[in-house]
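Participant: Would you mind keeping the following structure in view while I ask a few things?
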Amino acid sequence: MGPLAHMPSLDIMWVSFYCLGLMMVSILLIYLGRNKIKNGFLRTINNLIAYVLFGLGSFLMVLVVATWPA
């Protein structure tokens, strides 16, 4: 029994898709921050947002995996 055990399985599937989407957006933001954005302040804000999105997506994915049926 994981932390998302009270949710229906289909909703957990959608949460996992949202996690993957957050991770893909964070990859795009990191790419933009490292290769396209030249302003140091904007790059820092952009990378901070990207790392927060990646951390949130990773944390939620861990919850989804912990809810995997036995």
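Going through the structure tokens in order, the chains are called A, B, and so on, while each chain numbers its residues from 1 and the ligands are numbered from 1 in the order shown.
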Quick one: DSSP helix (DSSP H, G or I) residues in chain A, as an NGL selection string?
Facilitator: :A and (9-35 or 40-66)
Participant: Would you mind exporting N, CA and C atoms of the selected residues as a short mmCIF file (atom, residue, chain, number, x, y, z; two decimals), in the first residue's frame?
Facilitator:
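Written out: part_8.cif:
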data_model
loop_
_atom_site.label_atom_id
_atom_site.label_comp_id
_atom_site.auth_asym_id
_atom_site.auth_seq_id
_atom_site.Cartn_x
_atom_site.Cartn_y
_atom_site.Cartn_z
N SER A 9 -6.81 3.44 -10.08
CA SER A 9 -5.62 3.15 -10.90
C SER A 9 -5.51 4.08 -12.11
N LEU A 10 -6.62 4.41 -12.71
CA LEU A 10 -6.58 5.28 -13.89
C LEU A 10 -6.08 6.68 -13.52
N ASP A 11 -6.45 7.17 -12.35
CA ASP A 11 -5.95 8.47 -11.91
C ASP A 11 -4.45 8.42 -11.62
N ILE A 12 -3.97 7.32 -11.10
CA ILE A 12 -2.54 7.16 -10.85
C ILE A 12 -1.78 7.14 -12.17
N MET A 13 -2.39 6.56 -13.21
CA MET A 13 -1.77 6.58 -14.53
C MET A 13 -1.62 8.01 -15.03
N TRP A 14 -2.66 8.83 -14.84
CA TRP A 14 -2.58 10.22 -15.27
C TRP A 14 -1.54 10.99 -14.47
N VAL A 15 -1.41 10.70 -13.18
CA VAL A 15 -0.37 11.34 -12.38
C VAL A 15 1.00 11.00 -12.94
N SER A 16 1.19 9.75 -13.35
CA SER A 16 2.49 9.36 -13.92
C SER A 16 2.76 10.09 -15.23
N PHE A 17 1.71 10.31 -16.04
CA PHE A 17 1.89 11.07 -17.28
C PHE A 17 2.25 12.52 -16.98
N TYR A 18 1.62 13.10 -15.95
CA TYR A 18 1.97 14.46 -15.55
C TYR A 18 3.42 14.53 -15.08
N CYS A 19 3.87 13.50 -14.38
CA CYS A 19 5.26 13.46 -13.92
C CYS A 19 6.22 13.46 -15.10
N LEU A 20 5.94 12.64 -16.08
CA LEU A 20 6.77 12.59 -17.27
C LEU A 20 6.76 13.93 -18.00
N GLY A 21 5.60 14.58 -18.06
CA GLY A 21 5.50 15.89 -18.68
C GLY A 21 6.33 16.93 -17.94
N LEU A 22 6.28 16.92 -16.61
CA LEU A 22 7.09 17.86 -15.83
C LEU A 22 8.57 17.64 -16.09
N MET A 23 8.98 16.39 -16.19
CA MET A 23 10.39 16.10 -16.45
C MET A 23 10.80 16.55 -17.85
N MET A 24 9.92 16.38 -18.83
CA MET A 24 10.25 16.82 -20.19
C MET A 24 10.35 18.34 -20.27
N VAL A 25 9.44 19.04 -19.60
CA VAL A 25 9.50 20.50 -19.58
C VAL A 25 10.78 20.97 -18.89
N SER A 26 11.18 20.29 -17.82
CA SER A 26 12.40 20.69 -17.13
C SER A 26 13.63 20.46 -18.01
N ILE A 27 13.64 19.39 -18.80
CA ILE A 27 14.75 19.15 -19.72
C ILE A 27 14.82 20.26 -20.76
N LEU A 28 13.67 20.67 -21.29
CA LEU A 28 13.64 21.76 -22.26
C LEU A 28 14.13 23.08 -21.64
N LEU A 29 13.71 23.35 -20.40
CA LEU A 29 14.15 24.58 -19.74
C LEU A 29 15.64 24.57 -19.45
N ILE A 30 16.19 23.43 -19.06
CA ILE A 30 17.63 23.34 -18.82
C ILE A 30 18.39 23.55 -20.13
N TYR A 31 17.89 22.97 -21.22
CA TYR A 31 18.53 23.19 -22.52
C TYR A 31 18.54 24.67 -22.87
N LEU A 32 17.38 25.32 -22.71
CA LEU A 32 17.30 26.75 -23.02
C LEU A 32 18.24 27.56 -22.12
N GLY A 33 18.29 27.21 -20.85
CA GLY A 33 19.14 27.95 -19.93
C GLY A 33 20.62 27.80 -20.22
N ARG A 34 21.01 26.65 -20.68
CA ARG A 34 22.44 26.42 -20.92
C ARG A 34 22.90 26.89 -22.29
N ASN A 35 22.00 26.86 -23.27
CA ASN A 35 22.44 27.13 -24.65
C ASN A 35 21.87 28.40 -25.27
N GLY A 40 22.44 36.34 -17.24
CA GLY A 40 22.72 35.50 -16.09
C GLY A 40 21.56 35.39 -15.11
N PHE A 41 20.87 36.51 -14.86
CA PHE A 41 19.75 36.48 -13.92
C PHE A 41 18.61 35.63 -14.45
N LEU A 42 18.24 35.83 -15.74
CA LEU A 42 17.17 35.04 -16.34
C LEU A 42 17.54 33.56 -16.41
N ARG A 43 18.81 33.28 -16.68
CA ARG A 43 19.27 31.90 -16.73
C ARG A 43 19.13 31.24 -15.36
N THR A 44 19.47 31.97 -14.31
CA THR A 44 19.36 31.43 -12.96
C THR A 44 17.91 31.15 -12.59
N ILE A 45 17.02 32.09 -12.89
CA ILE A 45 15.59 31.89 -12.61
C ILE A 45 15.05 30.71 -13.42
N ASN A 46 15.43 30.65 -14.68
CA ASN A 46 14.99 29.56 -15.56
C ASN A 46 15.47 28.21 -15.03
N ASN A 47 16.74 28.12 -14.65
CA ASN A 47 17.27 26.86 -14.13
C ASN A 47 16.63 26.49 -12.80
N LEU A 48 16.34 27.47 -11.97
CA LEU A 48 15.68 27.20 -10.70
C LEU A 48 14.29 26.61 -10.93
N ILE A 49 13.55 27.20 -11.85
CA ILE A 49 12.23 26.66 -12.18
C ILE A 49 12.36 25.25 -12.73
N ALA A 50 13.34 25.02 -13.59
CA ALA A 50 13.53 23.70 -14.19
C ALA A 50 13.85 22.65 -13.13
N TYR A 51 14.73 22.99 -12.19
CA TYR A 51 15.09 22.02 -11.16
C TYR A 51 13.93 21.76 -10.20
N VAL A 52 13.12 22.76 -9.93
CA VAL A 52 11.94 22.55 -9.08
C VAL A 52 10.94 21.64 -9.79
N LEU A 53 10.72 21.87 -11.08
CA LEU A 53 9.82 21.00 -11.84
C LEU A 53 10.34 19.56 -11.88
N PHE A 54 11.64 19.41 -12.09
CA PHE A 54 12.21 18.07 -12.13
C PHE A 54 12.10 17.38 -10.77
N GLY A 55 12.35 18.13 -9.70
CA GLY A 55 12.23 17.56 -8.37
C GLY A 55 10.80 17.15 -8.05
N LEU A 56 9.83 17.99 -8.43
CA LEU A 56 8.43 17.66 -8.20
C LEU A 56 8.02 16.43 -9.01
N GLY A 57 8.43 16.39 -10.28
CA GLY A 57 8.11 15.23 -11.11
C GLY A 57 8.75 13.95 -10.57
N SER A 58 9.98 14.05 -10.10
CA SER A 58 10.65 12.87 -9.55
C SER A 58 9.98 12.40 -8.27
N PHE A 59 9.62 13.35 -7.40
CA PHE A 59 8.96 12.99 -6.14
C PHE A 59 7.61 12.31 -6.39
N LEU A 60 6.82 12.87 -7.31
CA LEU A 60 5.54 12.26 -7.61
C LEU A 60 5.70 10.89 -8.27
N MET A 61 6.74 10.74 -9.09
CA MET A 61 6.97 9.43 -9.71
C MET A 61 7.33 8.38 -8.67
N VAL A 62 8.09 8.79 -7.66
CA VAL A 62 8.42 7.86 -6.56
C VAL A 62 7.12 7.43 -5.85
N LEU A 63 6.20 8.38 -5.66
CA LEU A 63 4.92 8.03 -5.04
C LEU A 63 4.13 7.07 -5.91
N VAL A 64 4.16 7.29 -7.23
CA VAL A 64 3.45 6.38 -8.14
C VAL A 64 4.06 4.98 -8.07
N VAL A 65 5.38 4.89 -8.07
CA VAL A 65 6.04 3.58 -8.01
C VAL A 65 5.76 2.91 -6.67
N ALA A 66 5.70 3.69 -5.60
CA ALA A 66 5.41 3.12 -4.28
C ALA A 66 3.97 2.60 -4.21
#
Participant: Need the shell around Pro3 (chain A): protein/DNA/RNA residues with any atom at most 7 Å away, counting only C-alpha atoms. Skip same-chain ones fewer than 2 positions apart. Format as a PyMOL selection string?
Facilitator: chain A and resi 1+5+63+67
Participant: Output the selection as a compact mmCIF listing (two decimals), in the first residue's frame - C-alpha atoms for each residue.
Facilitator:
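So the final result, stored in again_32.txt, reads:
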# COMPACT_ATOMS: atom_id res chain seq x y z
CA MET A 1 0.00 0.00 0.00
CA ALA A 5 -3.47 3.82 -2.70
CA LEU A 63 4.92 8.03 -5.04
CA THR A 67 1.71 2.66 -5.10
